[in-house]
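Input: a single structure, listed below in structure tokens.
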2 protein chains.
Amino acid sequence: MSQAAVPKSAGKTKFALKTPKGTKDWGDKDMVIRTKLFDTISSVFRRHGGVTIDTPVFELREVLTGKYGEDSKLIYNLEDQGGELTSLRYDLTVPFARYVAMNGIQAIKRFHIAKVYRRDQPAMTKGRMREFYQCDFDIAGVYESMVPDAEILSIVVQVLKEVGIPDFTVKVNHRKILDGIFGHCGVPEDKVRTISSAVDKLDKLPWDEVRKEMTEEKGLDGEIADKIGKYVQLKGTIPEMIEKLSSDEDLMTNESAKQGVEDFKTMLPYLEAFDVVPFYSFDLSLARGLDYYTGLIYEAVTAASAPPEEAGDAKKKKKKNDDDDASESVGVGSIAAGGRYDKLVGMFASKKNGDIPCVGISFGIERLFSIIKSQGLYDHLRPTATQVFILAFGGGPEWTGFLPERMKVAKKLWEAGIEAEFIYKSKPKLQKQFEAAEKSGCPLAVILGQEEFNKGVVKVKELGLGEQDKGVDISVDEMVDYVRKKLESF
Amino acid sequence: MSQAAVPKSAGKTKFALKTPKGTKDWGDKDMVIRTKLFDTISSVFRRHGGVTIDTPVFELREVLTGKYGEDSKLIYNLEDQGGELTSLRYDLTVPFARYVAMNGIQAIKRFHIAKVYRRDQPAMTKGRMREFYQCDFDIAGVYESMVPDAEILSIVVQVLKEVGIPDFTVKVNHRKILDGIFGHCGVPEDKVRTISSAVDKLDKLPWDEVRKEMTEEKGLDGEIADKIGKYVQLKGTIPEMIEKLSSDEDLMTNESAKQGVEDFKTMLPYLEAFDVVPFYSFDLSLARGLDYYTGLIYEAVTAASAPPEEAGDAKKKKKKNDDDDASESVGVGSIAAGGRYDKLVGMFASKKNGDIPCVGISFGIERLFSIIKSQGLYDHLRPTATQVFILAFGGGPEWTGFLPERMKVAKKLWEAGIEAEFIYKSKPKLQKQFEAAEKSGCPLAVILGQEEFNKGVVKVKELGLGEQDKGVDISVDEMVDYVRKKLESF
């Protein structure tokens, strides 16, 4: 996915001109889409009372240590050039928890849109970049049980609807239910994390293969695996699954599982009030990799985010060249994910009772972006905001093609807050000017003509209509008002 | 400037909870100001036809090599964890030039607002952070001489006026004039850069001290230094200085100096057309450190950006503790700077004729931010966008304090695009709810009362008016329209 343009032999640079592996430039056309995405998502976050904060792109290395389990090896370190040891942030959640603890914050609803960094190997990327944006909304504080969780789940739905993602589903599960199932089935304490990560693969692999991983690779007793298999293949609507799990008297003797189911029971009427229940699939195979989750977990997927049939093959083929990025041949994976993490702030807090319960969601912009782009949803957006192009038709008083005069007109429009351009040339050809105007896609032209100009008059003409709009002559003094009204009328 | 909160003895973390040296968190109140700043600056950039792009936060190390002269030692390297060697970007200009060359772009007006990284030592910071934002606007392409330069100079003025910076001056000079003066005075070729950087200190030091640095430290002949001194202490309006330099027949025999003065002559009518001439001071002591400038250079300063009297002392005192940041006791330095760099793209381009001339400006957000904050210019801005707080007055049908009902009302408002909050509590006290509403600063309350609710009615009340506004009873179905009209009327 990194862009490369190897210079020809005669180059002054001795190296391939490219961005680092796993990163890319965003050109103007893509930036319009990304900006629109950010605006839509921020608008939803603000609607829910979110404030925004910013943290540095790198943290003291110790802040990140011990938060990401196996994925810690993907953290980018900065070189030790003297002074503190630092690393690029891996997500926005751990820096947020550090911020909450450091500032002694008791309650906050915050959002943060920023880049994070992961040294993912191409074979592991599943459409992931090494530098990518996350859009996070988190609610920290002690509140009525499951109320912030329900609001976050309603935000997932609202964002994906407003962004324009078709046919999405939000899988939900609960760490306590998973832990309860593992305990109930007899998984030894020290195997819980590794068995959990096997379960998490059920969205890509059939049960047989996952079972094989559990028993052959991870040494789990076959009978225990079968018991687990009975549970983790269950999914349904939230009401269905509450019913099913509650009536499993055996499982309900496990305190952890029981608590998890109680949480769903508490949350259901809130999701009903938010009118979002049909968007969720209560899926016992959802496990989520990160260590820090303690309660509800969720992950949004769409049909468009599933891996294509040939993904596995393409990955194998590419593997021989480690510098390639296989991401283009696999699905984009989940488009949003999150959960409850009640102990993370406490890991930074100074007092014993420094735990601040948190729940949050993270949207992956690159993934939403590829779906939106492939569906052409935002194709109507223009890279420039230019509304008026100023053209010279004639020489002007000093035969410069009205260059200073075009500048004066531009200045009037700029001061009035109107986006305006002219071409940086004296004596420009009319044709060239119209081409530039049309390339910018702007709707209006202001034309300075020899005869009109001598009378203090310019012509305002709609672009793209050809001879249909002959334009209107208007005095330079009235131009700004006229242009503004004309633009408002579109 | 890095925020620190050392945990008490019983802490779970063994390290001081802080952000890395030279970095800081941005809290919600500061973020409102920063966002407003970005919006204002982007709006000006867009008004001038700018498109935006984004490049990765780190580049291949080779891309940055040989671009920053002495300052190269301030570049942050990423650790070699296998694979390519990379470094954090030092500015947005070199990545822009790399982008233009790599994509074979012939002409672009682009802006880029993003963080850059410099391992500046505290004694060198002059208010500088190690992580800070730059807002850059650059025009690349072959155009009529000095036209884009004039537009960029007009953008400097427009941005600083719209942001609200009082009493600013934009110093301008020309690398060719400086080079011409050094040549004319007889500075040996190999001393030009070091003498140039001594000249650049004239904004902080008297001529005597700069002369001493030139002769005693840098071994320049005293007579040559005196000749330089005669020139670099000159400043005035652009028309005055054009007059003065043009009439110096001796200096005008130097081709480089003559070309530089010609550029100013060409540009003057454009600056007049943009009506910005009074904002500039043509100052021959302005040199700018970076290697890549080839023509016009400029730097905006304000009274507020000068170092306070005691800055020198404070710096000395602080020096013993290298981890402190002396920046708070010195002025903020320049608030915007830039120039023409015609050879930088060519350093990356593959063909001999790959030079794309460029001119640009960079605004320093942290510096604008401190001026704006200290002057309280944006104090009226609120961290949240909340417009409506939903309150319960009574138990509701299930005696939960209308918790699901408040959610349903919130959902209606959110879907209509209206920012709304409620407190995450069943049976909340009315007083607590009003406190939360007032803390958010939102203008309207929607109140669910026992009697009204039974009739399908809620009360909409203006906040902050006490008993003056008794509120209006309105049916739930008409609430959204009523609230919208009410908000529009403010």
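Chain identifiers are assigned as A, B, and so on, following the order in which chains appear in the structure tokens; residues are numbered from 1 within each chain, and ligands are numbered from 1 in order of appearance.
Proximity to Asp473 in chain A at 8 Å, evaluated using only C-alpha atoms and with sequence-adjacent residues fewer than 3 positions away removed, yields A:Glu452, A:Val457, A:Val458, A:Lys459, A:Val460.
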- After fitting chain A to chain B over all Cα atoms matched in order, what RMSD is left? 0.1 Å
Can you write out as CSV which residues of range 114-224 of chain A fall within 12 Å of range 405-423 of chain B, alongside each residue's closest atom pair and its distance in Å to one decimal, counting only C-alpha atoms and ordering rows by chain and ascending residue number?
```
residue,atom,partner,partner_atom,distance
A:Gly141,CA,B:Ile423,CA,11.7
A:Val142,CA,B:Ile423,CA,11.4
A:Tyr143,CA,B:Ile423,CA,8.6
A:Glu144,CA,B:Ile423,CA,9.2
A:Val147,CA,B:Ile423,CA,9.5
A:Pro148,CA,B:Ile423,CA,9.8
A:Ala150,CA,B:Met407,CA,9.9
A:Glu151,CA,B:Met407,CA,8.8
A:Ser154,CA,B:Lys411,CA,9.0
A:Ile155,CA,B:Trp414,CA,9.9
A:Val157,CA,B:Glu415,CA,11.4
A:Gln158,CA,B:Glu415,CA,8.2
A:Val159,CA,B:Glu415,CA,10.9
A:Lys161,CA,B:Glu415,CA,10.6
A:Glu162,CA,B:Glu415,CA,9.7
```
Output of the above residues as a short mmCIF file (atom, residue, chain, number, x, y, z; two decimals), in the first residue's frame, restricted to C-alpha atoms:
```cif
data_model
loop_
_atom_site.label_atom_id
_atom_site.label_comp_id
_atom_site.auth_asym_id
_atom_site.auth_seq_id
_atom_site.Cartn_x
_atom_site.Cartn_y
_atom_site.Cartn_z
CA GLY A 141 -16.88 7.92 35.27
CA VAL A 142 -19.10 6.12 37.75
CA TYR A 143 -22.66 6.05 36.41
CA GLU A 144 -25.86 4.02 36.49
CA VAL A 147 -26.31 3.47 30.66
CA PRO A 148 -23.08 4.80 29.07
CA ALA A 150 -25.99 1.71 25.76
CA GLU A 151 -25.23 5.26 24.63
CA SER A 154 -26.24 3.78 19.95
CA ILE A 155 -23.36 6.01 18.76
CA VAL A 157 -25.22 2.80 14.89
CA GLN A 158 -25.68 6.54 14.41
CA VAL A 159 -22.18 7.09 13.04
CA LYS A 161 -25.78 5.29 9.37
CA GLU A 162 -24.76 8.93 8.92
#
```
- Query: So what do you get for CA of Gly339 in chain A versus CA of Gly360 in chain A, distance-wise?
  - Reply: 5.7 Å
- Between B:Phe274, B:Pro428, B:Ala225, B:Val44, which one has atoms that come closest to Leu403 in chain A, using only C-alpha atoms? B:Phe274
- Item | Nearest to Pro239 in chain A by atom-to-atom distance, counting only C-alpha atoms, from A:Asp208, A:Lys218, A:Leu271, A:Gly22 | A:Leu271
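Nearest residue to chain A among B:Leu344, B:Ile238, B:Ile195, B:Leu290 is B:Leu344, counting only C-alpha atoms.
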So that I can check the surroundings of Gly295 in chain A, please list as a compact mmCIF listing (two decimals) with C-alpha atoms, in the first residue's frame every protein, DNA and RNA residue that reaches within 7 Å of it, counting only C-alpha atoms and ignoring chain neighbours fewer than 3 positions away.
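So selection.txt came out as:
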```
# COMPACT_ATOMS: atom_id res chain seq x y z
CA HIS A 174 -19.21 -9.73 27.27
CA ARG A 175 -15.82 -10.63 28.73
CA LYS A 176 -17.48 -11.91 31.89
CA GLY A 339 -15.71 -2.19 24.95
CA ARG A 340 -15.69 -1.53 28.66
CA TYR A 341 -12.35 -1.23 30.46
```
